[in-house]
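A short write-up of the structure that comes next.
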Amino acid sequence: KCSARNNGLPSARSDLFRAEQWRGCCLVALGARWGGVVDHRFAGRYHALTSAVTQLSPIDPTPLMHLAIEQARLAEVGGDVPIGCVVVHQPTGRVIGVGHNRRERDNDPAGHAEIIAMRQAGQALGTWRLDECVLVVTLEPCPMCAGAIVNARLNRLIYGCDDPKAGAVRTLYQICDDARLNHRVAIERGVLAEECGRLLSGFFKKQRALGKK
């Protein structure tokens, strides 16, 4: 295990050494997911964006969404739909979970960015209850992920662009703040929506050019 995780992740109040330690661990983890190879085209931007996040309020959505967008770009590198997600522990400002779509890479029907990031967050906190956490994702969550967000008792959801075909937070369904459920999540939509949308439209344009559905 990486020592940064054992000793606590960086927050707005942490020192530079701990922040650098955590960013290094993130890259090691990403390298492990890519078979031991870290793509340094993204590594530099990942360092810069994580540094920005640790210096700002944990609920400031813009730098967090930039970090989620970087995760989305990693998904595209692996041949998956470019959707990225981060989970932040709000009281400390620590980034405790990151994820990007891995359905194609892992042949996993549940390999969505939100699920991966929430699993990491739960492991970091030692509990499935993420009631002090904020989830930031580039695309409006689907029914599966919206349900998982409610079940994880997340405090707040921030997402980029709407999903007209599968959105289950505002577009087709309103699962995350449905009054009939035993938990409701605060929702903020449209953060960097244009940039998030461009990533998706560009990806599907390339797929159509290759004759893929």
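Going by the structure tokens order, chains are called A, B, ..., each with residues numbered from 1, while ligands are numbered from 1 in the order shown.
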Write out as a list in words which residues come within 12 Å of Ser201 (chain A) when counting only C-alpha atoms, dropping same-chain ones fewer than 6 positions away.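 Within the cut-off, the hits are Val81, Pro82, Ile83, Leu139, Cys161, Asp163, Glu194, Glu195, Gln207 and Arg208 of chain A.
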Emit the selected residues as a PDB file, in the first residue's frame, including N, CA and C atoms.
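Done, and the output landed in part32.pdb:
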ATOM      1  N   VAL A  81     -15.837   5.265 -23.418  1.00  0.00           N
ATOM      2  CA  VAL A  81     -16.520   6.560 -23.514  1.00  0.00           C
ATOM      3  C   VAL A  81     -15.896   7.509 -22.479  1.00  0.00           C
ATOM      4  N   PRO A  82     -15.493   8.722 -22.893  1.00  0.00           N
ATOM      5  CA  PRO A  82     -14.773   9.624 -21.998  1.00  0.00           C
ATOM      6  C   PRO A  82     -15.644  10.261 -20.917  1.00  0.00           C
ATOM      7  N   ILE A  83     -15.775   9.547 -19.820  1.00  0.00           N
ATOM      8  CA  ILE A  83     -16.483  10.048 -18.637  1.00  0.00           C
ATOM      9  C   ILE A  83     -15.535   9.877 -17.454  1.00  0.00           C
ATOM     10  N   LEU A 139     -20.496  13.699 -16.809  1.00  0.00           N
ATOM     11  CA  LEU A 139     -21.788  13.470 -17.455  1.00  0.00           C
ATOM     12  C   LEU A 139     -22.840  13.118 -16.409  1.00  0.00           C
ATOM     13  N   CYS A 161     -22.364  17.869 -18.207  1.00  0.00           N
ATOM     14  CA  CYS A 161     -23.432  17.991 -19.198  1.00  0.00           C
ATOM     15  C   CYS A 161     -24.548  16.985 -18.942  1.00  0.00           C
ATOM     16  N   ASP A 163     -27.404  14.167 -19.929  1.00  0.00           N
ATOM     17  CA  ASP A 163     -27.422  12.987 -20.796  1.00  0.00           C
ATOM     18  C   ASP A 163     -28.862  12.745 -21.249  1.00  0.00           C
ATOM     19  N   GLU A 194     -20.043  22.654 -21.461  1.00  0.00           N
ATOM     20  CA  GLU A 194     -19.636  22.697 -22.875  1.00  0.00           C
ATOM     21  C   GLU A 194     -18.375  21.867 -23.109  1.00  0.00           C
ATOM     22  N   GLU A 195     -17.405  21.999 -22.217  1.00  0.00           N
ATOM     23  CA  GLU A 195     -16.170  21.231 -22.361  1.00  0.00           C
ATOM     24  C   GLU A 195     -16.427  19.736 -22.204  1.00  0.00           C
ATOM     25  N   GLN A 207     -15.797   7.500 -33.432  1.00  0.00           N
ATOM     26  CA  GLN A 207     -16.330   6.139 -33.495  1.00  0.00           C
ATOM     27  C   GLN A 207     -17.143   5.910 -34.765  1.00  0.00           C
ATOM     28  N   ARG A 208     -17.954   6.908 -35.130  1.00  0.00           N
ATOM     29  CA  ARG A 208     -18.750   6.789 -36.357  1.00  0.00           C
ATOM     30  C   ARG A 208     -17.861   6.734 -37.599  1.00  0.00           C
TER      31      ARG A 208
END
So that I can see what lies close to region 129-136 of chain A, please list as a ChimeraX atom specification the residues with an atom at most 10 Å from it, counting only C-alpha atoms and leaving out residues fewer than 3 positions away in the same chain. /A:58-59,61-62,64-69,84-98,114,117-118,121-122,125-126,139-140,149-160,183,185-189,191
Between CA of Ala193 (chain A) and CA of Glu70 (chain A) - distance in Å to one decimal: 14.3 Å
Pull the helix (DSSP H, G or I) assignments for region 144-193 of chain A out of DSSP run on the backbone, and list those residues as an MDAnalysis selection string. chainID A and resid 144:151 175:177 193
Between CA of Gly211 (chain A) and CA of Asp80 (chain A), distance in Å (one decimal): 15.7 Å
Assign secondary structure with DSSP using the backbone only, and return the residues of region 64-95 of chain A in strand (DSSP E or B) as a list in words.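 Taking region 64-95 of chain A and keeping strand (DSSP E or B) gives Gly84, Cys85, Val86, Val87, Val88, His89, Arg94 and Val95 of chain A.
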Please produce an output containing all heavy atoms for each residue in the selection, written as a tab-separated table (two decimals), in the first residue's frame.
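Full text of again.tsv as output:
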chain	number	residue	atom	x	y	z
A	84	GLY	N	-15.38	10.93	-16.66
A	84	GLY	CA	-14.47	10.89	-15.53
A	84	GLY	C	-15.14	11.40	-14.27
A	84	GLY	O	-16.12	12.15	-14.32
A	85	CYS	N	-14.59	11.00	-13.13
A	85	CYS	CA	-15.22	11.30	-11.85
A	85	CYS	C	-14.17	11.43	-10.75
A	85	CYS	O	-13.14	10.75	-10.78
A	85	CYS	CB	-16.19	10.16	-11.51
A	85	CYS	SG	-17.07	10.35	-9.94
A	86	VAL	N	-14.43	12.32	-9.79
A	86	VAL	CA	-13.63	12.39	-8.57
A	86	VAL	C	-14.56	12.48	-7.38
A	86	VAL	O	-15.67	13.00	-7.49
A	86	VAL	CB	-12.65	13.58	-8.56
A	86	VAL	CG1	-11.66	13.50	-9.71
A	86	VAL	CG2	-13.39	14.91	-8.60
A	87	VAL	N	-14.11	11.97	-6.24
A	87	VAL	CA	-14.85	12.09	-4.98
A	87	VAL	C	-13.95	12.83	-3.99
A	87	VAL	O	-12.78	12.48	-3.83
A	87	VAL	CB	-15.25	10.72	-4.40
A	87	VAL	CG1	-15.91	10.88	-3.04
A	87	VAL	CG2	-16.19	9.99	-5.36
A	88	VAL	N	-14.51	13.85	-3.34
A	88	VAL	CA	-13.77	14.67	-2.40
A	88	VAL	C	-14.40	14.55	-1.01
A	88	VAL	O	-15.63	14.62	-0.87
A	88	VAL	CB	-13.78	16.16	-2.83
A	88	VAL	CG1	-13.03	17.02	-1.83
A	88	VAL	CG2	-13.16	16.30	-4.21
A	89	HIS	N	-13.55	14.38	0.00
A	89	HIS	CA	-14.02	14.38	1.40
A	89	HIS	C	-14.15	15.84	1.82
A	89	HIS	O	-13.16	16.54	2.00
A	89	HIS	CB	-13.01	13.64	2.28
A	89	HIS	CG	-13.44	13.50	3.68
A	89	HIS	ND1	-12.70	13.99	4.74
A	89	HIS	CD2	-14.55	12.91	4.24
A	89	HIS	CE1	-13.32	13.73	5.88
A	89	HIS	NE2	-14.43	13.07	5.61
A	94	ARG	N	-9.86	16.46	0.93
A	94	ARG	CA	-9.02	15.42	0.34
A	94	ARG	C	-9.72	14.77	-0.84
A	94	ARG	O	-10.90	14.44	-0.77
A	94	ARG	CB	-8.69	14.35	1.38
A	94	ARG	CG	-7.93	14.89	2.57
A	94	ARG	CD	-7.35	13.77	3.44
A	94	ARG	NE	-8.30	12.72	3.75
A	94	ARG	CZ	-8.59	12.32	4.99
A	94	ARG	NH1	-8.03	12.92	6.02
A	94	ARG	NH2	-9.44	11.34	5.20
A	95	VAL	N	-8.99	14.56	-1.92
A	95	VAL	CA	-9.47	13.76	-3.04
A	95	VAL	C	-9.26	12.30	-2.66
A	95	VAL	O	-8.13	11.84	-2.56
A	95	VAL	CB	-8.72	14.10	-4.34
A	95	VAL	CG1	-9.18	13.20	-5.48
A	95	VAL	CG2	-8.92	15.56	-4.71
Find the distance between CA of Asp162 (chain A) and CA of Cys196 (chain A) and write it in Å to one decimal.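 Interatomic distance here is 9.6 Å.
When the distance limit is 8 Å and only C-alpha atoms are what count, the residues near Ala146 (chain A), minus those fewer than 3 positions from it on the same chain, are Pro141, Cys142, Pro143, Ile149, Val150, Ala168, Val169, Ile175 and Cys176 of chain A.
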Using only C-alpha atoms, can you tell me which of A:Gly147, A:His112, A:Thr138, A:Gly78 comes closest to Leu199 (chain A)? A:Thr138
